[in-house]
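Structure below is work-v7.cif: mmCIF, C-alpha atoms.
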data_coords
#
loop_
_atom_site.label_atom_id
_atom_site.label_comp_id
_atom_site.auth_asym_id
_atom_site.auth_seq_id
_atom_site.Cartn_x
_atom_site.Cartn_y
_atom_site.Cartn_z
CA MET A 1 40.18 17.78 3.73
CA ASN A 2 40.43 14.30 5.28
CA ASN A 3 37.48 12.04 6.06
CA SER A 4 37.29 13.03 9.73
CA GLU A 5 36.84 16.68 8.71
CA LYS A 6 34.09 16.09 6.20
CA SER A 7 30.57 17.15 7.10
CA GLY A 8 27.63 14.86 6.42
CA ASN A 9 26.24 11.60 7.74
CA ILE A 10 28.35 8.45 8.18
CA ILE A 11 26.71 5.73 10.27
CA ILE A 12 28.70 2.57 9.80
CA ASP A 13 27.28 0.16 12.38
CA LYS A 14 23.52 0.22 11.71
CA LEU A 15 20.89 0.50 9.00
CA THR A 16 19.25 3.78 8.07
CA PRO A 17 15.53 3.68 7.21
CA ILE A 18 15.00 5.44 3.88
CA THR A 19 12.63 7.92 5.55
CA ASP A 20 15.43 9.06 7.89
CA ILE A 21 17.46 10.39 4.97
CA ASN A 22 16.94 14.15 4.71
CA ILE A 23 16.94 14.67 0.93
CA LYS A 24 16.38 18.40 1.22
CA SER A 25 19.41 18.82 3.49
CA ILE A 26 21.60 16.85 1.08
CA SER A 27 20.32 18.83 -1.92
CA GLU A 28 21.36 22.05 -0.21
CA LYS A 29 24.98 20.83 -0.17
CA SER A 30 25.22 21.48 -3.92
CA ASP A 31 28.07 23.91 -4.61
CA ASP A 32 29.28 25.21 -7.96
CA ASN A 33 32.87 24.84 -6.72
CA ASP A 34 32.41 21.26 -5.50
CA ILE A 35 32.04 17.97 -7.36
CA TYR A 36 30.15 14.95 -6.01
CA LEU A 37 30.57 11.26 -6.54
CA SER A 38 27.19 9.53 -6.09
CA ILE A 39 27.11 5.73 -5.77
CA TYR A 40 24.09 3.41 -5.41
CA LEU A 41 24.71 -0.31 -4.92
CA PRO A 42 22.35 -3.24 -4.21
CA ILE A 43 24.01 -5.78 -1.90
CA GLY A 44 21.16 -8.08 -0.88
CA ASN A 45 21.91 -11.02 -3.22
CA LYS A 46 24.85 -13.43 -3.38
CA ASN A 47 26.05 -12.23 -6.78
CA ASP A 48 25.75 -8.51 -6.04
CA ASN A 49 29.34 -8.11 -4.85
CA LYS A 50 30.74 -9.52 -8.10
CA VAL A 51 28.33 -7.53 -10.27
CA ASN A 52 28.99 -4.34 -8.28
CA ASN A 53 32.76 -4.63 -8.72
CA LYS A 54 32.37 -5.14 -12.45
CA PHE A 55 29.95 -2.22 -12.69
CA LEU A 56 32.18 0.14 -10.69
CA THR A 57 35.24 -0.78 -12.74
CA SER A 58 33.42 -0.19 -16.02
CA ARG A 59 31.81 3.11 -14.97
CA THR A 60 35.06 4.42 -13.48
CA LYS A 61 36.90 3.63 -16.70
CA ASN A 62 34.27 5.38 -18.84
CA ILE A 63 34.19 8.48 -16.63
CA ARG A 64 38.00 8.75 -16.71
CA LYS A 65 37.91 8.82 -20.51
CA ALA A 66 35.28 11.57 -20.63
CA LEU A 67 36.59 13.82 -17.83
CA PRO A 68 38.27 17.16 -18.54
CA GLU A 69 41.84 17.22 -17.22
CA LYS A 70 41.01 19.69 -14.41
CA PHE A 71 38.64 17.19 -12.73
CA LYS A 72 40.75 14.02 -12.97
CA ASP A 73 42.71 14.34 -9.71
CA GLN A 74 39.56 15.14 -7.75
CA PHE A 75 37.75 12.18 -9.29
CA GLU A 76 40.58 9.80 -8.33
CA ASP A 77 40.57 11.10 -4.74
CA LEU A 78 36.84 10.52 -4.41
CA ILE A 79 37.02 7.06 -5.98
CA ASN A 80 39.77 6.05 -3.54
CA THR A 81 37.71 7.38 -0.61
CA SER A 82 34.62 5.50 -1.76
CA LYS A 83 36.35 2.10 -1.92
CA LYS A 84 36.51 1.82 1.87
CA TYR A 85 32.75 2.25 2.21
CA CYS A 86 31.75 0.19 -0.82
CA SER A 87 33.69 -2.79 0.54
CA LEU A 88 32.32 -2.79 4.10
CA PRO A 89 30.97 -6.20 5.23
CA GLN A 90 27.20 -6.48 4.85
CA LEU A 91 25.11 -5.78 7.95
CA LYS A 92 22.19 -8.03 8.89
CA GLY A 93 19.19 -6.80 6.89
CA GLU A 94 21.28 -4.50 4.70
CA LYS A 95 20.20 -4.65 1.05
CA GLY A 96 21.66 -1.45 -0.35
CA ARG A 97 24.30 1.22 0.09
CA ILE A 98 24.21 4.88 -0.98
CA LEU A 99 27.21 7.24 -0.97
CA PHE A 100 27.46 10.95 -1.73
CA ILE A 101 31.09 12.12 -1.50
CA SER A 102 32.80 15.43 -2.28
CA GLN A 103 36.00 17.07 -1.08
CA SER A 104 34.10 18.67 1.82
CA THR A 105 31.11 16.41 2.48
CA MET A 106 30.40 12.69 2.75
CA TYR A 107 27.15 10.80 3.28
CA VAL A 108 27.10 7.01 3.66
CA PHE A 109 23.75 5.26 4.10
CA ARG A 110 23.28 1.52 4.65
CA ILE A 111 19.65 0.79 3.85
CA PRO A 112 17.24 -2.20 4.06
CA LEU A 113 16.16 -1.69 0.41
CA GLU A 114 17.74 -2.53 -2.96
CA PRO A 115 18.51 0.52 -5.14
CA GLU A 116 19.40 0.46 -8.82
CA ARG A 117 23.13 0.69 -9.58
CA TYR A 118 24.53 4.13 -10.32
CA LEU A 119 27.89 5.87 -10.28
CA ILE A 120 27.54 9.56 -11.16
CA PHE A 121 30.16 12.33 -11.10
CA ASP A 122 28.52 15.77 -11.06
CA ASN A 123 28.49 19.12 -9.27
CA SER A 124 25.66 18.00 -6.97
CA PRO A 125 24.51 14.75 -5.32
CA PHE A 126 22.47 12.56 -7.70
CA LEU A 127 19.24 12.34 -5.67
CA LEU A 128 16.58 11.17 -8.13
CA PRO A 129 16.98 7.39 -7.45
CA LEU A 130 16.83 8.10 -3.70
CA ALA A 131 13.71 10.23 -4.19
CA ARG A 132 12.00 7.45 -6.13
CA LEU A 133 12.86 4.93 -3.41
CA ARG A 134 11.52 7.35 -0.81
CA ASP A 135 8.32 7.70 -2.83
CA ASP A 136 7.82 3.91 -2.79
CA TYR A 137 8.44 3.37 0.92
CA ASN A 138 6.90 5.36 3.76
CA ASP A 139 6.73 4.67 7.49
CA TYR A 140 3.46 3.14 8.67
CA GLY A 141 2.06 1.26 11.63
CA VAL A 142 0.28 -2.09 11.81
CA ILE A 143 -1.97 -2.95 14.77
CA LEU A 144 -2.50 -6.71 15.00
CA LEU A 145 -5.21 -7.61 17.52
CA ASP A 146 -8.12 -9.76 18.62
CA SER A 147 -10.36 -9.32 21.68
CA HIS A 148 -7.63 -10.05 24.25
CA GLU A 149 -4.22 -9.37 22.66
CA SER A 150 -2.65 -6.62 20.57
CA ARG A 151 0.75 -6.04 19.01
CA LEU A 152 1.77 -2.75 17.44
CA PHE A 153 4.44 -2.75 14.74
CA ASN A 154 6.34 0.17 13.25
CA ILE A 155 7.35 -0.61 9.65
CA ARG A 156 10.14 1.50 8.23
CA SER A 157 11.64 0.78 4.80
CA ASP A 158 10.42 -2.83 5.14
CA ALA A 159 12.17 -3.18 8.53
CA VAL A 160 9.76 -4.28 11.28
CA GLU A 161 9.96 -3.09 14.89
CA GLN A 162 7.42 -4.16 17.53
CA THR A 163 6.70 -1.12 19.71
CA SER A 164 4.09 -2.51 22.14
CA HIS A 165 2.37 -5.73 23.24
CA LEU A 166 -0.83 -5.70 25.32
CA SER A 167 -2.97 -8.59 26.50
CA THR A 168 -5.76 -9.38 28.91
CA ASP A 169 -6.96 -12.72 30.32
CA LEU A 170 -10.72 -12.43 30.04
CA ILE A 171 -11.54 -15.90 31.34
CA ASN A 172 -9.46 -15.69 34.54
CA LYS A 173 -10.65 -12.18 35.30
CA HIS A 174 -14.30 -13.09 34.85
CA LYS A 175 -14.98 -16.70 35.73
CA LYS A 176 -18.34 -17.95 34.68
CA GLY A 177 -18.99 -20.16 37.75
CA GLY A 178 -22.21 -19.21 39.57
CA TRP A 179 -23.02 -16.34 37.18
CA SER A 180 -25.85 -16.10 34.73
CA GLN A 181 -24.87 -16.25 31.06
CA MET A 182 -26.14 -12.68 30.62
CA ARG A 183 -23.99 -11.30 33.44
CA PHE A 184 -20.94 -13.18 32.20
CA ASN A 185 -21.36 -11.79 28.68
CA ARG A 186 -21.85 -8.26 30.02
CA LEU A 187 -18.69 -8.41 32.13
CA ARG A 188 -16.76 -9.90 29.23
CA LYS A 189 -17.84 -7.04 26.94
CA GLU A 190 -16.80 -4.51 29.56
CA ALA A 191 -13.41 -6.17 29.85
CA ILE A 192 -12.95 -6.12 26.06
CA LYS A 193 -13.97 -2.46 25.96
CA SER A 194 -11.44 -1.64 28.68
CA PHE A 195 -8.74 -3.59 26.83
CA LEU A 196 -9.45 -1.81 23.51
CA SER A 197 -9.32 1.55 25.31
CA SER A 198 -5.81 0.67 26.51
CA VAL A 199 -4.86 -0.31 22.94
CA ALA A 200 -6.24 3.01 21.63
CA GLU A 201 -4.15 4.93 24.19
CA SER A 202 -1.05 2.99 23.09
CA ILE A 203 -1.75 3.84 19.44
CA GLU A 204 -2.27 7.52 20.26
CA GLU A 205 1.07 7.63 22.06
CA TYR A 206 2.72 5.86 19.11
CA CYS A 207 1.28 8.33 16.57
CA LYS A 208 2.51 11.29 18.63
CA ASP A 209 6.03 9.83 18.82
CA HIS A 210 6.39 8.70 15.19
CA GLN A 211 5.96 10.31 11.78
CA VAL A 212 3.74 7.66 10.19
CA ASN A 213 2.15 7.81 6.76
CA GLY A 214 -0.78 5.65 7.83
CA LEU A 215 -2.11 2.81 9.96
CA ILE A 216 -3.39 -0.67 9.16
CA ILE A 217 -5.60 -2.58 11.61
CA ALA A 218 -5.30 -6.35 11.18
CA GLY A 219 -6.45 -9.50 12.94
CA PRO A 220 -9.37 -11.92 13.24
CA GLY A 221 -12.90 -11.14 14.42
CA ASN A 222 -14.70 -7.86 15.13
CA ALA A 223 -12.21 -6.24 17.53
CA LYS A 224 -10.58 -4.42 14.58
CA LYS A 225 -13.68 -2.37 13.75
CA GLU A 226 -14.48 -1.78 17.43
CA LEU A 227 -10.98 -0.36 17.89
CA ARG A 228 -11.26 1.86 14.82
CA ASP A 229 -14.54 3.32 16.12
CA ILE A 230 -13.05 4.42 19.45
CA LEU A 231 -9.87 5.99 18.04
CA PRO A 232 -9.64 9.80 18.08
CA GLU A 233 -10.67 11.29 14.74
CA TRP A 234 -7.16 12.50 13.86
CA ILE A 235 -5.88 8.93 14.22
CA ARG A 236 -8.95 7.38 12.57
CA ASN A 237 -8.13 9.49 9.50
CA LYS A 238 -4.75 7.73 9.28
CA VAL A 239 -6.32 4.26 8.99
CA MET A 240 -5.64 3.06 5.44
CA ASP A 241 -7.37 -0.32 5.69
CA ILE A 242 -8.77 -3.01 7.99
CA VAL A 243 -7.72 -6.53 7.00
CA ASP A 244 -8.52 -10.04 8.21
CA THR A 245 -5.43 -11.99 9.30
CA PRO A 246 -4.67 -14.66 11.91
CA MET A 247 -2.80 -13.52 15.03
CA ASP A 248 0.17 -15.74 14.15
CA VAL A 249 0.73 -14.06 10.77
CA SER A 250 4.44 -13.73 9.97
CA GLU A 251 6.19 -10.36 9.94
CA LYS A 252 7.00 -10.88 6.24
CA GLU A 253 3.31 -11.32 5.44
CA LEU A 254 2.48 -8.21 7.48
CA VAL A 255 5.02 -6.18 5.49
CA ASN A 256 3.79 -7.53 2.14
CA THR A 257 0.18 -6.72 3.05
CA GLY A 258 1.10 -3.28 4.36
CA ASP A 259 3.28 -2.38 1.37
CA SER A 260 0.52 -3.40 -1.03
CA ILE A 261 -2.03 -1.21 0.76
CA LEU A 262 0.39 1.72 1.03
CA LYS A 263 1.32 1.60 -2.66
CA THR A 264 -2.35 1.46 -3.64
CA ASN A 265 -3.01 4.57 -1.53
CA ASP A 266 0.05 6.35 -2.92
CA LYS A 267 -1.00 5.55 -6.49
CA SER A 268 -4.47 6.90 -5.76
CA TYR A 269 -2.97 10.17 -4.49
CA SER A 270 -0.61 10.44 -7.49
CA ARG A 271 -3.54 9.75 -9.80
CA GLU A 272 -5.57 12.43 -8.03
CA LYS A 273 -2.76 14.98 -8.57
CA ALA A 274 -2.30 13.92 -12.21
CA ASN A 275 -6.05 14.36 -12.83
CA GLU A 276 -5.96 17.74 -11.07
CA PHE A 277 -3.06 18.81 -13.30
CA ARG A 278 -4.84 17.68 -16.49
CA ALA A 279 -8.08 19.45 -15.52
CA THR A 280 -6.14 22.63 -14.67
CA VAL A 281 -4.35 22.59 -18.04
CA LEU A 282 -7.61 22.04 -19.94
CA SER A 283 -9.36 24.85 -18.07
CA GLY A 284 -6.48 27.29 -18.57
CA GLY A 285 -5.71 27.44 -14.86
CA LEU A 286 -2.45 27.60 -12.88
CA ALA A 287 -0.56 24.77 -14.54
CA GLU A 288 2.50 24.53 -16.78
CA TYR A 289 4.24 21.97 -18.97
CA GLY A 290 7.36 21.89 -21.10
CA ILE A 291 10.85 21.59 -19.60
CA ASP A 292 11.91 25.20 -20.23
CA ALA A 293 8.67 26.69 -18.88
CA ILE A 294 8.73 24.51 -15.74
CA LYS A 295 12.43 25.25 -15.19
CA ASN A 296 11.68 28.98 -15.21
CA ASP A 297 8.71 28.52 -12.86
CA LEU A 298 10.92 26.57 -10.46
CA TYR A 299 13.55 29.33 -10.55
CA GLN A 300 10.81 31.78 -9.52
CA GLY A 301 9.37 29.53 -6.78
CA LYS A 302 6.00 29.35 -8.54
CA VAL A 303 5.64 25.54 -8.54
CA SER A 304 3.38 23.99 -5.90
CA VAL A 305 3.43 20.40 -7.23
CA LEU A 306 5.97 18.98 -9.69
CA LEU A 307 4.67 15.86 -11.44
CA ILE A 308 7.24 13.49 -12.96
CA LEU A 309 6.39 10.42 -15.01
CA ASN A 310 8.16 7.45 -13.43
CA ASN A 311 11.34 6.26 -15.18
CA ILE A 312 11.46 9.24 -17.55
CA ALA A 313 14.94 10.47 -18.51
CA VAL A 314 15.73 13.71 -20.33
CA PRO A 315 19.40 14.13 -21.34
CA GLY A 316 20.73 17.65 -21.50
CA SER A 317 23.59 19.93 -20.58
CA LYS A 318 24.42 22.50 -17.95
CA CYS A 319 26.60 25.57 -18.52
CA GLU A 320 29.53 25.61 -16.10
CA LYS A 321 29.59 29.41 -16.25
CA CYS A 322 25.95 30.63 -16.03
CA GLN A 323 24.40 27.32 -14.78
CA GLU A 324 21.71 27.40 -17.49
CA LEU A 325 20.09 24.05 -18.34
CA HIS A 326 19.60 23.03 -21.97
CA VAL A 327 17.55 20.13 -23.34
CA ILE A 328 19.62 19.13 -26.33
CA GLY A 329 19.32 15.40 -26.92
CA ASN A 330 22.72 13.79 -27.23
CA SER A 331 24.82 16.77 -28.41
CA TYR A 332 26.47 19.13 -25.96
CA PRO A 333 27.53 22.41 -27.60
CA SER A 334 28.75 25.54 -25.88
CA CYS A 335 26.11 27.52 -24.00
CA PRO A 336 23.99 29.55 -26.48
CA ILE A 337 23.40 32.18 -23.77
CA CYS A 338 26.91 33.01 -22.54
CA GLY A 339 29.18 30.84 -24.69
CA GLY A 340 30.47 28.97 -21.63
CA THR A 341 31.56 25.35 -21.51
CA THR A 342 28.71 22.87 -21.01
CA SER A 343 28.71 19.44 -19.42
CA LYS A 344 26.36 16.51 -19.74
CA THR A 345 23.57 16.29 -17.17
CA GLU A 346 20.17 14.71 -16.47
CA ILE A 347 17.47 17.39 -16.72
CA ILE A 348 14.87 15.61 -14.55
CA GLU A 349 17.43 15.32 -11.74
CA LYS A 350 18.07 19.07 -11.91
CA LEU A 351 14.35 19.88 -11.89
CA TYR A 352 13.94 17.66 -8.83
CA GLU A 353 16.80 19.50 -7.08
CA MET A 354 15.17 22.85 -7.86
CA ALA A 355 11.87 21.58 -6.43
CA GLN A 356 13.71 20.70 -3.20
CA TYR A 357 15.16 24.21 -2.96
CA THR A 358 11.73 25.84 -3.31
CA ASP A 359 9.74 23.37 -1.12
CA ALA A 360 7.63 22.19 -4.05
CA GLU A 361 5.85 18.86 -3.57
CA VAL A 362 7.09 16.17 -5.99
CA GLU A 363 4.81 13.39 -7.20
CA PHE A 364 6.05 10.46 -9.30
CA VAL A 365 3.22 9.25 -11.55
CA ASN A 366 2.83 5.86 -13.26
CA ASP A 367 1.36 5.31 -16.73
CA ASP A 368 -0.35 8.64 -17.37
CA LYS A 369 -1.06 9.14 -21.08
CA PHE A 370 -1.63 12.89 -20.80
CA LEU A 371 1.58 13.48 -18.87
CA GLU A 372 3.46 11.26 -21.32
CA SER A 373 2.04 13.22 -24.29
CA ILE A 374 3.47 16.53 -22.98
CA GLY A 375 6.97 15.25 -22.26
CA GLY A 376 6.56 13.48 -18.92
CA VAL A 377 6.76 16.55 -16.66
CA GLY A 378 4.05 18.93 -15.45
CA ALA A 379 3.56 21.50 -12.72
CA ILE A 380 0.65 22.82 -10.68
CA LEU A 381 1.51 26.41 -9.81
CA ARG A 382 1.15 28.45 -6.64
CA TYR A 383 0.41 31.66 -8.52
#
The structure given in the file should be rewritten as structure tokens.
Amino acid sequence: MNNSEKSGNIIIDKLTPITDINIKSISEKSDDNDIYLSIYLPIGNKNDNKVNNKFLTSRTKNIRKALPEKFKDQFEDLINTSKKYCSLPQLKGEKGRILFISQSTMYVFRIPLEPERYLIFDNSPFLLPLARLRDDYNDYGVILLDSHESRLFNIRSDAVEQTSHLSTDLINKHKKGGWSQMRFNRLRKEAIKSFLSSVAESIEEYCKDHQVNGLIIAGPGNAKKELRDILPEWIRNKVMDIVDTPMDVSEKELVNTGDSILKTNDKSYSREKANEFRATVLSGGLAEYGIDAIKNDLYQGKVSVLLILNNIAVPGSKCEKCQELHVIGNSYPSCPICGGTTSKTEIIEKLYEMAQYTDAEVEFVNDDKFLESIGGVGAILRY
């Protein structure tokens, strides 16, 4: 099948925010009769092109040596197809490139984030690095305002888009001449209240039109808290923080502040889930640990939340005949269940894929001693 006949997602002329990549849809493309080439490349720095070429050459050479004869022609076809997309000129703001290519499907994503380098040849797309990037970066909004001006920014994968700009001229609308100070102050407060109501309406429209993980209200003075108080409750619940900044703060500083707040909130949620898992294990509730036990629970759709310790890797094998996963360190014997041929695989990647199939929530957890002590993977069960 030629490139024009492949299904998938190939957008060559613009960046793709990481949150626009449908991981579940890609995971469902896995086919026992298909083989995928997965490539992750950072391209944001001057030396990346040279390092990428060296990396791709080395990995391709090593894979060729290890491949069974029956896969070699397919591998060469996919490598040749990938070269066109790996060598595309860098777009403005592009810091990374992700490719998933098989004989029938091709996805090419040009992203504003830097991934780790990978080249993987397997019977399904290698999604774990993408999932970890997705876990680190969510869409959120930043409202920058004072008592007479507001700007609303949509931040997606560290790319900033201004969606609205409102302002009001309080002095020209309400001239002080001939008025008492009391009347002037009252009219000014009414004008500010009216302005903030317009800002709140703009935010409500924004939240209805965008899937945002949270909101940050920033700026000088007291207008921030006044705005928060008049927002509808469902939007107020999205407010992650209120921060003091000047109105001329740079977009880079806005992103750095927002990312810091978002990551703190995400870590708090991951910590909450890790503590819930530990308490459930200790009380003998609906929780499971151990690779084999969790694998079986995922097969049965019993897992509600899959917890994975960040940066954990568990080498193993997968039977090409019965598809059984085996955690076997660095040796890859024939399948002890059916005697079929096995191939090297990454167990955590396969568990993540299974979680996608069964709509289980996946949480990546940092530095959890309990999770580390039981092998780095745990599950809160549905039943």
**Message:** Nearest residue to Leu91 (chain A) out of A:Asp367, A:Asp244, A:Asp139, A:Asp13, using all atoms listed in the file?
**Reply:**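 Checking each of A:Asp367, A:Asp244, A:Asp139, A:Asp13 against Leu91 (chain A), counting all atoms listed in the file, the winner is A:Asp13.
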**Asked** Looking at only C-alpha atoms, which of A:Gln323, A:Pro42, A:Lys83, A:Gln90 is the one that sits closest to Pro115 (chain A)?
**Response** A:Pro42
Need the axis-aligned box for region 306-314 of chain A with 6 Å each side, so what are the centre and edges in Å to one decimal, as JSON?
{"center_x": 10.2, "center_y": 12.6, "center_z": -15.0, "size_x": 23.1, "size_y": 24.7, "size_z": 22.6}
**Message:** Under the PyMOL selection byres ((chain A and resi 12) around 9), which residues of this model are included? Write them out as a list in words.
**Reply:**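 That expression, the PyMOL selection byres ((chain A and resi 12) around 9), corresponds here to Ile10, Ile11, Asp13, Lys14, Leu15, Tyr85, Leu88, Val108, Phe109 and Arg110 of chain A.
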**Message:** Which residues would end up in the selection if the PyMOL selection byres ((chain A and resi 376) around 12) were applied here, given that I need the answer as an MDAnalysis selection string?
**Reply:** chainID A and resid 274 288:291 294 306:314 347:348 363:375 377:379
